[in-house]
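run.txt follows (compact mmCIF, C-alpha atoms and all ligand atoms):
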# COMPACT_ATOMS: atom_id res chain seq x y z
CA MET A 1 -17.01 -5.03 -22.46
CA THR A 2 -13.95 -7.28 -22.36
CA ALA A 3 -13.77 -9.66 -19.39
CA PHE A 4 -10.43 -9.59 -17.59
CA HIS A 5 -8.72 -12.29 -15.59
CA GLN A 6 -9.16 -11.39 -11.90
CA ARG A 7 -5.86 -10.45 -10.34
CA VAL A 8 -4.81 -8.52 -7.23
CA PHE A 9 -1.82 -6.16 -7.19
CA SER A 10 -0.56 -3.92 -4.42
CA GLY A 11 2.64 -2.23 -3.33
CA VAL A 12 4.32 -0.94 -0.19
CA GLN A 13 7.22 1.51 -0.17
CA PRO A 14 10.44 0.43 1.53
CA THR A 15 10.86 3.65 3.47
CA GLY A 16 11.31 2.29 7.02
CA ASN A 17 9.09 2.52 10.10
CA LEU A 18 6.53 0.01 8.81
CA HIS A 19 3.60 0.67 11.16
CA LEU A 20 0.21 -0.45 12.37
CA GLY A 21 -1.53 1.57 9.62
CA ASN A 22 0.38 -0.35 6.95
CA TYR A 23 -0.58 -3.59 8.66
CA LEU A 24 -4.28 -2.96 9.31
CA GLY A 25 -4.92 -0.80 6.23
CA ALA A 26 -3.00 -2.90 3.74
CA ILE A 27 -0.86 -5.94 4.57
CA ARG A 28 -3.50 -7.78 6.57
CA ARG A 29 -5.90 -7.41 3.65
CA PHE A 30 -3.20 -8.70 1.29
CA VAL A 31 -3.07 -11.85 3.40
CA ASP A 32 -6.85 -12.39 3.33
CA LEU A 33 -7.11 -11.92 -0.43
CA GLN A 34 -4.75 -14.83 -1.11
CA ASP A 35 -7.61 -17.31 -0.71
CA SER A 36 -9.77 -15.80 -3.44
CA TYR A 37 -7.35 -14.26 -5.95
CA GLU A 38 -4.06 -14.67 -7.71
CA CYS A 39 -2.00 -11.98 -5.94
CA ILE A 40 1.09 -9.95 -6.77
CA TYR A 41 2.68 -7.98 -3.92
CA CYS A 42 5.44 -5.56 -4.72
CA VAL A 43 8.06 -3.71 -2.69
CA VAL A 44 8.05 -0.44 -4.61
CA ASP A 45 11.68 0.61 -4.35
CA MET A 46 11.46 2.94 -7.36
CA HIS A 47 8.70 4.88 -5.62
CA ALA A 48 10.88 5.13 -2.51
CA ILE A 49 13.59 7.13 -4.31
CA THR A 50 11.14 9.90 -5.27
CA VAL A 51 12.48 11.38 -2.03
CA ALA A 52 16.14 11.06 -0.97
CA GLN A 53 17.14 7.66 0.43
CA ASP A 54 20.37 6.42 1.95
CA PRO A 55 21.39 3.46 -0.29
CA ALA A 56 22.33 1.07 2.53
CA GLU A 57 19.12 1.87 4.40
CA LEU A 58 17.06 1.41 1.25
CA THR A 59 18.50 -2.09 0.77
CA ALA A 60 17.70 -2.95 4.40
CA ASN A 61 14.19 -1.51 4.08
CA ILE A 62 13.44 -3.55 0.94
CA ARG A 63 14.32 -6.67 2.93
CA GLU A 64 12.29 -5.41 5.90
CA VAL A 65 9.07 -5.02 3.87
CA THR A 66 9.64 -8.41 2.25
CA ALA A 67 10.13 -9.98 5.68
CA ALA A 68 6.94 -8.26 6.90
CA PHE A 69 4.95 -9.64 3.97
CA ILE A 70 6.10 -13.17 4.70
CA ALA A 71 5.83 -12.87 8.50
CA CYS A 72 2.25 -11.57 8.20
CA GLY A 73 1.30 -14.65 6.20
CA ILE A 74 1.82 -13.90 2.50
CA ASP A 75 2.92 -17.05 0.71
CA PRO A 76 5.60 -16.14 -1.87
CA LYS A 77 5.39 -19.58 -3.48
CA LYS A 78 1.65 -19.55 -4.19
CA HIS A 79 1.62 -15.85 -5.01
CA ILE A 80 4.25 -13.38 -6.21
CA VAL A 81 6.42 -11.20 -3.95
CA PHE A 82 9.14 -9.09 -5.58
CA ASN A 83 10.76 -5.67 -5.72
CA GLN A 84 9.73 -3.28 -8.45
CA SER A 85 13.17 -2.37 -9.83
CA GLN A 86 13.84 -5.98 -10.87
CA VAL A 87 11.05 -5.85 -13.47
CA ALA A 88 12.00 -3.15 -16.00
CA GLU A 89 8.54 -3.25 -17.60
CA HIS A 90 7.20 -1.06 -14.75
CA ALA A 91 9.44 1.83 -15.83
CA GLU A 92 8.78 1.19 -19.52
CA LEU A 93 5.02 1.34 -19.15
CA ALA A 94 5.31 4.34 -16.82
CA TRP A 95 6.89 6.33 -19.66
CA ILE A 96 3.99 5.54 -21.95
CA PHE A 97 1.59 6.55 -19.19
CA ASN A 98 3.48 9.82 -18.73
CA CYS A 99 2.39 10.53 -22.28
CA ILE A 100 -1.24 9.51 -21.56
CA ALA A 101 -1.81 11.29 -18.22
CA ARG A 102 -2.47 15.04 -18.34
CA ILE A 103 -0.56 17.61 -16.30
CA GLY A 104 -3.92 18.86 -15.02
CA TRP A 105 -4.67 15.42 -13.56
CA LEU A 106 -1.37 15.25 -11.70
CA ASN A 107 -1.79 18.81 -10.44
CA ARG A 108 -4.80 17.65 -8.44
CA MET A 109 -2.92 14.97 -6.49
CA THR A 110 -3.07 15.83 -2.81
CA GLN A 111 -0.24 13.48 -1.84
CA PHE A 112 2.19 15.39 -4.05
CA LYS A 113 1.13 18.64 -2.45
CA GLU A 114 1.63 17.18 1.03
CA LYS A 115 4.96 15.53 0.29
CA ALA A 116 6.41 18.41 -1.73
CA GLY A 117 5.47 20.88 1.02
CA LYS A 118 6.12 24.57 0.56
CA ASP A 119 9.20 24.22 -1.62
CA ARG A 120 7.44 22.61 -4.58
CA GLU A 121 10.02 23.84 -7.10
CA ASN A 122 12.59 21.70 -5.36
CA ALA A 123 10.60 18.43 -5.38
CA SER A 124 11.86 15.71 -7.72
CA VAL A 125 10.19 15.16 -11.08
CA GLY A 126 9.73 11.56 -9.88
CA LEU A 127 7.64 12.68 -6.92
CA TYR A 128 5.35 14.51 -9.33
CA ALA A 129 5.12 11.57 -11.75
CA TYR A 130 4.72 9.06 -8.88
CA PRO A 131 1.08 8.21 -9.75
CA THR A 132 1.87 7.31 -13.38
CA LEU A 133 4.43 4.75 -12.15
CA MET A 134 1.81 3.45 -9.73
CA ALA A 135 -0.66 3.03 -12.60
CA ALA A 136 2.03 1.17 -14.55
CA ASP A 137 2.69 -1.14 -11.55
CA ILE A 138 -0.93 -2.22 -11.56
CA LEU A 139 -1.66 -2.26 -15.27
CA VAL A 140 1.50 -3.99 -16.46
CA TYR A 141 -0.17 -7.07 -14.88
CA ARG A 142 -3.61 -5.97 -16.03
CA ALA A 143 -4.61 -6.31 -12.36
CA THR A 144 -8.31 -5.87 -11.60
CA HIS A 145 -8.28 -5.34 -7.81
CA VAL A 146 -6.00 -3.19 -5.66
CA PRO A 147 -6.13 -3.37 -1.86
CA VAL A 148 -4.86 -0.11 -0.33
CA GLY A 149 -5.46 2.20 2.61
CA GLU A 150 -7.75 5.14 2.15
CA ASP A 151 -4.91 7.57 1.46
CA GLN A 152 -4.33 5.88 -1.93
CA LYS A 153 -7.88 6.31 -3.22
CA GLN A 154 -7.07 9.32 -5.38
CA HIS A 155 -4.08 7.57 -6.96
CA LEU A 156 -6.29 4.59 -7.81
CA GLU A 157 -8.82 6.87 -9.48
CA LEU A 158 -5.99 8.31 -11.56
CA SER A 159 -4.93 4.77 -12.56
CA ARG A 160 -8.46 4.15 -13.77
CA ASP A 161 -8.43 7.41 -15.74
CA ILE A 162 -5.13 6.44 -17.37
CA ALA A 163 -6.42 2.96 -18.28
CA GLN A 164 -9.59 4.47 -19.72
CA LYS A 165 -7.75 7.11 -21.76
CA PHE A 166 -5.31 4.53 -23.13
CA ASN A 167 -8.25 2.32 -24.15
CA ASN A 168 -9.96 5.28 -25.83
CA ASP A 169 -6.93 6.87 -27.51
CA TYR A 170 -5.84 3.56 -29.00
CA ALA A 171 -9.29 2.02 -29.49
CA ALA A 172 -8.84 1.35 -33.21
CA SER A 173 -5.40 -0.17 -32.77
CA ILE A 174 -6.60 -2.30 -29.82
CA THR A 175 -9.52 -3.66 -31.83
CA ARG A 176 -7.34 -4.34 -34.85
CA LEU A 177 -4.63 -6.16 -32.88
CA THR A 178 -6.59 -7.91 -30.15
CA GLY A 179 -10.16 -8.01 -31.41
CA SER A 180 -11.47 -6.61 -28.11
CA ASP A 181 -12.76 -3.20 -27.11
CA ALA A 182 -10.40 -2.56 -24.19
CA PHE A 183 -6.81 -3.48 -23.43
CA PHE A 184 -6.55 -2.45 -19.78
CA PRO A 185 -9.11 -3.22 -17.07
CA LEU A 186 -10.18 -0.30 -14.87
CA PRO A 187 -8.63 -1.45 -11.59
CA GLU A 188 -10.92 -1.42 -8.59
CA PRO A 189 -9.72 -0.16 -5.23
CA LEU A 190 -10.41 -2.46 -2.27
CA ILE A 191 -10.50 -0.05 0.64
CA GLN A 192 -12.97 -1.80 2.93
CA GLY A 193 -11.74 -3.44 6.09
CA PRO A 194 -11.86 -2.64 9.75
CA ALA A 195 -9.19 0.09 9.67
CA PRO A 196 -8.61 1.68 6.27
CA ARG A 197 -7.33 4.82 7.97
CA VAL A 198 -5.38 4.40 11.20
CA MET A 199 -4.64 7.73 12.88
CA SER A 200 -1.59 8.97 14.80
CA LEU A 201 -1.44 8.02 18.49
CA ARG A 202 -0.48 11.65 19.24
CA ASP A 203 -3.19 13.36 17.18
CA GLY A 204 -6.41 11.65 16.15
CA THR A 205 -6.88 14.00 13.20
CA LYS A 206 -3.58 13.05 11.46
CA LYS A 207 -2.98 9.69 9.80
CA MET A 208 -0.38 7.37 11.28
CA SER A 209 2.62 7.79 9.02
CA LYS A 210 6.19 6.61 8.47
CA SER A 211 7.39 10.18 8.24
CA ASP A 212 5.91 11.60 11.46
CA PRO A 213 8.90 12.94 13.43
CA SER A 214 7.47 11.51 16.68
CA ASP A 215 8.08 7.80 17.14
CA TYR A 216 5.28 7.89 19.72
CA SER A 217 2.80 8.57 16.92
CA ARG A 218 2.97 5.00 15.61
CA LEU A 219 3.29 1.35 16.63
CA THR A 220 5.84 -0.39 14.42
CA PHE A 221 6.93 -3.95 13.83
CA ALA A 222 10.25 -3.03 15.41
CA ASP A 223 8.57 -2.28 18.78
CA ASP A 224 8.98 -4.82 21.56
CA ALA A 225 6.33 -5.35 24.24
CA ASP A 226 7.76 -2.57 26.44
CA ALA A 227 7.77 -0.07 23.59
CA ILE A 228 4.19 -0.98 22.65
CA ALA A 229 3.08 -0.54 26.26
CA GLN A 230 4.84 2.82 26.56
CA LYS A 231 3.41 4.18 23.33
CA VAL A 232 -0.15 3.05 24.03
CA ARG A 233 -0.05 4.46 27.58
CA LYS A 234 1.22 7.80 26.24
CA ALA A 235 -1.39 7.87 23.44
CA LYS A 236 -3.48 11.03 23.48
CA THR A 237 -7.04 10.66 24.84
CA ASP A 238 -9.73 12.91 26.23
CA PRO A 239 -10.98 13.15 29.83
CA GLU A 240 -14.32 11.34 29.32
CA PRO A 241 -14.76 7.61 29.89
CA LEU A 242 -15.37 5.42 26.82
CA PRO A 243 -18.90 5.56 25.38
CA SER A 244 -20.98 2.40 25.10
CA GLU A 245 -22.25 3.19 21.59
CA ALA A 246 -20.67 4.33 18.32
CA ALA A 247 -22.54 7.66 18.34
CA GLY A 248 -20.60 8.60 21.48
CA LEU A 249 -17.32 8.56 19.51
CA SER A 250 -18.25 11.45 17.26
CA GLY A 251 -16.08 14.50 17.84
CA ARG A 252 -13.63 12.30 19.80
CA PRO A 253 -11.04 11.33 17.16
CA GLU A 254 -8.50 9.84 19.58
CA ALA A 255 -11.11 7.66 21.28
CA GLU A 256 -12.46 6.58 17.94
CA ASN A 257 -8.99 5.68 16.69
CA LEU A 258 -8.07 3.57 19.73
CA VAL A 259 -11.39 1.72 19.62
CA THR A 260 -10.96 1.08 15.89
CA ILE A 261 -7.43 -0.23 16.43
CA TYR A 262 -8.57 -2.50 19.24
CA ALA A 263 -11.45 -3.89 17.17
CA ALA A 264 -9.21 -4.51 14.16
CA LEU A 265 -6.46 -6.20 16.18
CA ALA A 266 -8.88 -8.34 18.20
CA ASP A 267 -10.93 -9.06 15.08
CA VAL A 268 -14.23 -8.11 16.69
CA PRO A 269 -16.83 -5.50 15.64
CA ARG A 270 -16.42 -2.01 17.09
CA ASP A 271 -19.84 -2.24 18.73
CA ALA A 272 -18.68 -5.26 20.70
CA VAL A 273 -15.64 -3.32 21.96
CA LEU A 274 -17.89 -0.43 23.04
CA ALA A 275 -20.34 -2.80 24.73
CA GLN A 276 -17.45 -4.30 26.68
CA PHE A 277 -15.59 -1.10 27.61
CA GLY A 278 -18.41 1.50 27.65
CA GLY A 279 -18.08 3.54 30.86
CA ALA A 280 -14.49 2.38 31.49
CA GLN A 281 -11.61 4.82 31.96
CA PHE A 282 -8.95 5.00 29.24
CA SER A 283 -6.33 3.65 31.65
CA SER A 284 -8.01 0.25 31.85
CA PHE A 285 -8.92 0.20 28.14
CA LYS A 286 -5.31 0.98 27.29
CA ASN A 287 -4.12 -2.01 29.32
CA ALA A 288 -6.38 -4.25 27.27
CA LEU A 289 -5.18 -2.60 24.07
CA VAL A 290 -1.54 -3.23 25.02
CA ASP A 291 -2.36 -6.92 25.57
CA VAL A 292 -4.03 -7.38 22.21
CA ALA A 293 -1.34 -5.36 20.37
CA VAL A 294 1.48 -7.37 21.94
CA ALA A 295 -0.34 -10.64 21.21
CA LYS A 296 -0.85 -9.76 17.54
CA LEU A 297 2.32 -7.85 16.68
CA GLY A 298 4.80 -9.75 18.89
CA PRO A 299 4.85 -12.99 16.84
CA ILE A 300 5.05 -11.04 13.56
CA SER A 301 8.03 -8.99 14.82
CA ALA A 302 9.76 -12.15 16.03
CA GLU A 303 9.28 -13.87 12.67
CA MET A 304 10.50 -10.76 10.85
CA LYS A 305 13.69 -10.71 12.91
CA LYS A 306 14.32 -14.36 12.08
CA LEU A 307 13.82 -13.75 8.37
CA GLN A 308 15.94 -10.61 8.33
CA ALA A 309 18.81 -12.57 9.87
CA ASP A 310 19.09 -14.40 6.54
CA PRO A 311 19.19 -11.71 3.83
CA ALA A 312 20.31 -14.21 1.18
CA HIS A 313 17.03 -16.07 1.61
CA ILE A 314 15.00 -12.87 1.29
CA ASP A 315 16.94 -11.88 -1.82
CA ALA A 316 16.24 -15.32 -3.33
CA VAL A 317 12.50 -14.89 -2.69
CA LEU A 318 12.60 -11.52 -4.47
CA ARG A 319 14.60 -12.90 -7.39
CA ASP A 320 12.19 -15.80 -7.86
CA GLY A 321 9.19 -13.47 -7.59
CA SER A 322 10.69 -11.07 -10.13
CA ILE A 323 11.20 -13.84 -12.67
CA ARG A 324 7.57 -14.91 -12.34
CA ALA A 325 6.33 -11.30 -12.39
CA ARG A 326 8.28 -10.59 -15.56
CA GLU A 327 6.67 -13.56 -17.28
CA ILE A 328 3.32 -11.79 -16.88
CA ALA A 329 4.57 -8.27 -17.56
CA ARG A 330 6.63 -8.95 -20.67
CA PRO A 331 3.83 -10.02 -23.05
CA VAL A 332 1.63 -7.17 -21.79
CA MET A 333 4.41 -4.68 -22.55
CA GLU A 334 4.96 -6.25 -25.98
CA SER A 335 1.26 -5.80 -26.79
CA VAL A 336 1.40 -2.20 -25.57
CA LYS A 337 4.30 -1.51 -27.94
CA ASP A 338 2.35 -3.01 -30.82
CA ILE A 339 -0.75 -1.01 -29.92
CA VAL A 340 1.23 2.24 -29.73
CA GLY A 341 2.94 1.48 -33.05
CA PHE A 342 6.54 0.89 -31.92
CA ILE A 343 8.70 -1.59 -33.87
CA ARG A 344 9.97 -4.54 -31.81
CA GLY A 345 12.94 -6.71 -32.76
P1 LIG B 1 3.18 3.22 2.08
O1 LIG B 1 3.93 2.94 3.29
O2 LIG B 1 2.89 4.67 1.89
O3 LIG B 1 3.76 2.55 0.87
O4 LIG B 1 1.76 2.54 2.29
C1 LIG B 1 1.57 1.15 2.16
C2 LIG B 1 0.11 0.82 2.34
O5 LIG B 1 -0.33 1.12 3.68
C3 LIG B 1 -0.84 1.59 1.42
O6 LIG B 1 -1.88 0.72 0.98
C4 LIG B 1 -1.39 2.65 2.31
O7 LIG B 1 -2.68 3.09 1.89
C5 LIG B 1 -1.47 1.93 3.64
N1 LIG B 1 -1.42 2.89 4.76
C6 LIG B 1 -0.42 3.76 5.02
N2 LIG B 1 -0.70 4.49 6.12
C7 LIG B 1 -1.92 4.08 6.56
C8 LIG B 1 -2.76 4.44 7.67
N3 LIG B 1 -2.39 5.38 8.55
N4 LIG B 1 -3.95 3.79 7.79
C9 LIG B 1 -4.33 2.84 6.92
N5 LIG B 1 -3.58 2.44 5.86
C10 LIG B 1 -2.38 3.05 5.67
N1 LIG B 2 1.59 4.59 -3.53
C1 LIG B 2 1.42 3.48 -2.65
C2 LIG B 2 1.62 3.94 -1.21
O1 LIG B 2 2.33 4.85 -0.92
C3 LIG B 2 2.40 2.36 -2.95
C4 LIG B 2 2.18 1.81 -4.32
C5 LIG B 2 3.00 1.95 -5.40
C6 LIG B 2 1.07 1.04 -4.74
N2 LIG B 2 2.48 1.30 -6.46
C7 LIG B 2 1.30 0.73 -6.11
C8 LIG B 2 -0.09 0.59 -4.11
C9 LIG B 2 0.39 0.01 -6.86
C10 LIG B 2 -1.01 -0.15 -4.87
C11 LIG B 2 -0.76 -0.44 -6.22
O2 LIG B 2 1.07 3.37 -0.35

Now that the file is in, can you turn its structure into structure tokens?
Amino acid sequence: MTAFHQRVFSGVQPTGNLHLGNYLGAIRRFVDLQDSYECIYCVVDMHAITVAQDPAELTANIREVTAAFIACGIDPKKHIVFNQSQVAEHAELAWIFNCIARIGWLNRMTQFKEKAGKDRENASVGLYAYPTLMAADILVYRATHVPVGEDQKQHLELSRDIAQKFNNDYAASITRLTGSDAFFPLPEPLIQGPAPRVMSLRDGTKKMSKSDPSDYSRLTFADDADAIAQKVRKAKTDPEPLPSEAAGLSGRPEAENLVTIYAALADVPRDAVLAQFGGAQFSSFKNALVDVAVAKLGPISAEMKKLQADPAHIDAVLRDGSIRAREIARPVMESVKDIVGFIRG
């Protein structure tokens, strides 16, 4: 089997309300991976418009996600940070993948079903084809590793299926033109981490999400210390004190979520949190959680505000990243065209 250059790719949609789930499930992992991989981090603006967006807000949200990447510790000089729409190869490869992926595969995607809701006939074609664009995002760089939260697992599996089918359907052409037995790697999801699925503060059975109508369901980078304190104190709990062992969290989704969040923010194992707070009432645990959340998120929010005050600088980072991204994507797309049998000028 062909050996591929190890490369990380991931994306975040600029749809506002960037929250603790995005941070703990994704962005914090992006930061850690910089030491061991060449990384490409993308603000996926073309995915954002699969549902209606106000243009001025979209522009601001693209800058917000970029600022969050940098404020959390992603280095746009050593690695690549850019917005998807500046590299046309994503859309070009997505079209080819639309012709590789099967309707039956897309029909199984649970995120489409959730986002389209009851009125599926009225969802955009883009929302339906969303996962083929996601596969193109990853594979146009022939990325091998993709850090994401757990909700993206099914989309990653579809990306692997698309890569595999492309390799199979064009096997003869790939061998003839490149001499190897596969053109695309099968990208591996990296879903480990202390909090791959952060739940809503109002309902421990629902994931924390940008689109939850209740602002109290999530902690965001826009929250100041007072807002964090208010939201944590209002977070849903149950009447029992905290257990001292992990087994005691079963059937208590809200308790489990708050303990997981604390452990991830404080960077300690969950067992250590339970050993420390076992037997305590939620009121005192929540005070400790507010402290650690303010200590971790406060400096990131402050840095984001500073960065967002200079949009020209953010735009320059994205422009520079796009130029470097395109240098990788262009030759891959040229090879794809040759493999498929298109004529290039
Ligand atoms: P999105 O905002 O949908 O573009 O998501 C950006 C990243 O955050 C993806 O890797 C998601 O899997 C991750 N993510 C979103 N919500 C959560 C959550 N509640 N818990 C953990 N990870 C999440
Ligand atoms: N679908 C992802 C999400 O909503 C965002 C995304 C788009 C992505 N393209 C990607 C993530 C490629 C990883 C790799 O979270």

(request) Show which residues sit within 7 Å of region 135-152 of chain A, as a PyMOL selection string. Count only C-alpha atoms, and ignore same-chain residues fewer than 3 positions away. (result) chain A and resi 6-10+25-26+29-30+90+93-94+131-132+155-156+159+184-191+196-197+328-329+332-333

Would you mind exporting the chosen residues as a compact mmCIF listing (two decimals), keeping the file's coordinate frame, restricted to C-alpha atoms?
# COMPACT_ATOMS: atom_id res chain seq x y z
CA GLN A 6 -9.16 -11.39 -11.90
CA ARG A 7 -5.86 -10.45 -10.34
CA VAL A 8 -4.81 -8.52 -7.23
CA PHE A 9 -1.82 -6.16 -7.19
CA SER A 10 -0.56 -3.92 -4.42
CA GLY A 25 -4.92 -0.80 6.23
CA ALA A 26 -3.00 -2.90 3.74
CA ARG A 29 -5.90 -7.41 3.65
CA PHE A 30 -3.20 -8.70 1.29
CA HIS A 90 7.20 -1.06 -14.75
CA LEU A 93 5.02 1.34 -19.15
CA ALA A 94 5.31 4.34 -16.82
CA PRO A 131 1.08 8.21 -9.75
CA THR A 132 1.87 7.31 -13.38
CA HIS A 155 -4.08 7.57 -6.96
CA LEU A 156 -6.29 4.59 -7.81
CA SER A 159 -4.93 4.77 -12.56
CA PHE A 184 -6.55 -2.45 -19.78
CA PRO A 185 -9.11 -3.22 -17.07
CA LEU A 186 -10.18 -0.30 -14.87
CA PRO A 187 -8.63 -1.45 -11.59
CA GLU A 188 -10.92 -1.42 -8.59
CA PRO A 189 -9.72 -0.16 -5.23
CA LEU A 190 -10.41 -2.46 -2.27
CA ILE A 191 -10.50 -0.05 0.64
CA PRO A 196 -8.61 1.68 6.27
CA ARG A 197 -7.33 4.82 7.97
CA ILE A 328 3.32 -11.79 -16.88
CA ALA A 329 4.57 -8.27 -17.56
CA VAL A 332 1.63 -7.17 -21.79
CA MET A 333 4.41 -4.68 -22.55

(request) Using only C-alpha atoms, find all polymer residues with an atom at most 10 Å away from the point (-4.9, 3.4, 17.4); report them as a ChimeraX atom specification. (result) /A:20-21,195,197-202,204,208,217-219,232,235-236,254-265,289,293

(message) Just the number, please: distance in Å from CA of Ala295 (chain A) to CA of Cys72 (chain A), one decimal.
(response) 13.3 Å

Protein, DNA and RNA residues within 7 Å of (-21.1, 2.6, 23.8), all atoms listed in the file, as a compact mmCIF listing (two decimals) with C-alpha atoms, in the coordinates of the input:
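part-v7.txt, freshly written:
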# COMPACT_ATOMS: atom_id res chain seq x y z
CA PRO A 243 -18.90 5.56 25.38
CA SER A 244 -20.98 2.40 25.10
CA GLU A 245 -22.25 3.19 21.59
CA ALA A 246 -20.67 4.33 18.32
CA GLY A 248 -20.60 8.60 21.48
CA LEU A 274 -17.89 -0.43 23.04
CA ALA A 275 -20.34 -2.80 24.73
CA GLY A 278 -18.41 1.50 27.65

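The residue that comes closest to ligand LIG 1 (chain B), out of A:Arg319, A:Lys306, A:Lys77, A:Arg28 and on the basis of only C-alpha atoms and all ligand atoms, is A:Arg28.
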
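The spacing separating CA of Leu133 (chain A) from CA of Leu158 (chain A) amounts to 11.0 Å.
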
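For the set A:Glu114, A:Glu89, A:Asp315, A:Asp35, the residue with the smallest atom-to-atom gap to Glu327 (chain A) is A:Glu89, counting all atoms listed in the file.
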
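Closest approach to ligand LIG 1 (chain B) among A:Ile162, A:Leu33, A:Ala182, A:Ala48: A:Ala48, based on all atoms listed in the file.
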
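Coordinates place CA of Lys337 (chain A) at a distance of 13.9 Å from CA of Ile100 (chain A).
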
(request) Find the residues around Ser173 (chain A) up to 9 Å (all atoms listed in the file counted), leave out those fewer than 4 positions away in its own chain, and share them as a list in words. (result) Asp169, Leu177, Thr178, Asp338, Ile339, Val340 and Gly341 of chain A

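When all atoms listed in the file are used to compute distances to Leu58 (chain A), the closest of the residues A:His79, A:Ile228, A:Val290, A:Gln13 turns out to be A:Gln13.
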
(request) Using all atoms listed in the file, find the one residue out of A:Ile314, A:Met134, A:Leu24, A:Cys42 that sits nearest to ligand LIG 2 (chain B). (result) A:Met134

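Of the residues listed (A:Thr205, A:Gln281, A:Gln111, A:Ser301), A:Gln111 shows the shortest atom-to-atom separation from ligand LIG 2 (chain B); distances use all atoms listed in the file.
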
(request) Do a neighbour search on Pro76 (chain A) at 10 Å with all atoms listed in the file, toss out local chain neighbours closer than 4 positions, and write the hits as a ChimeraX atom specification. (result) /A:39-41,66,69-70,80-82,317-318,320-321
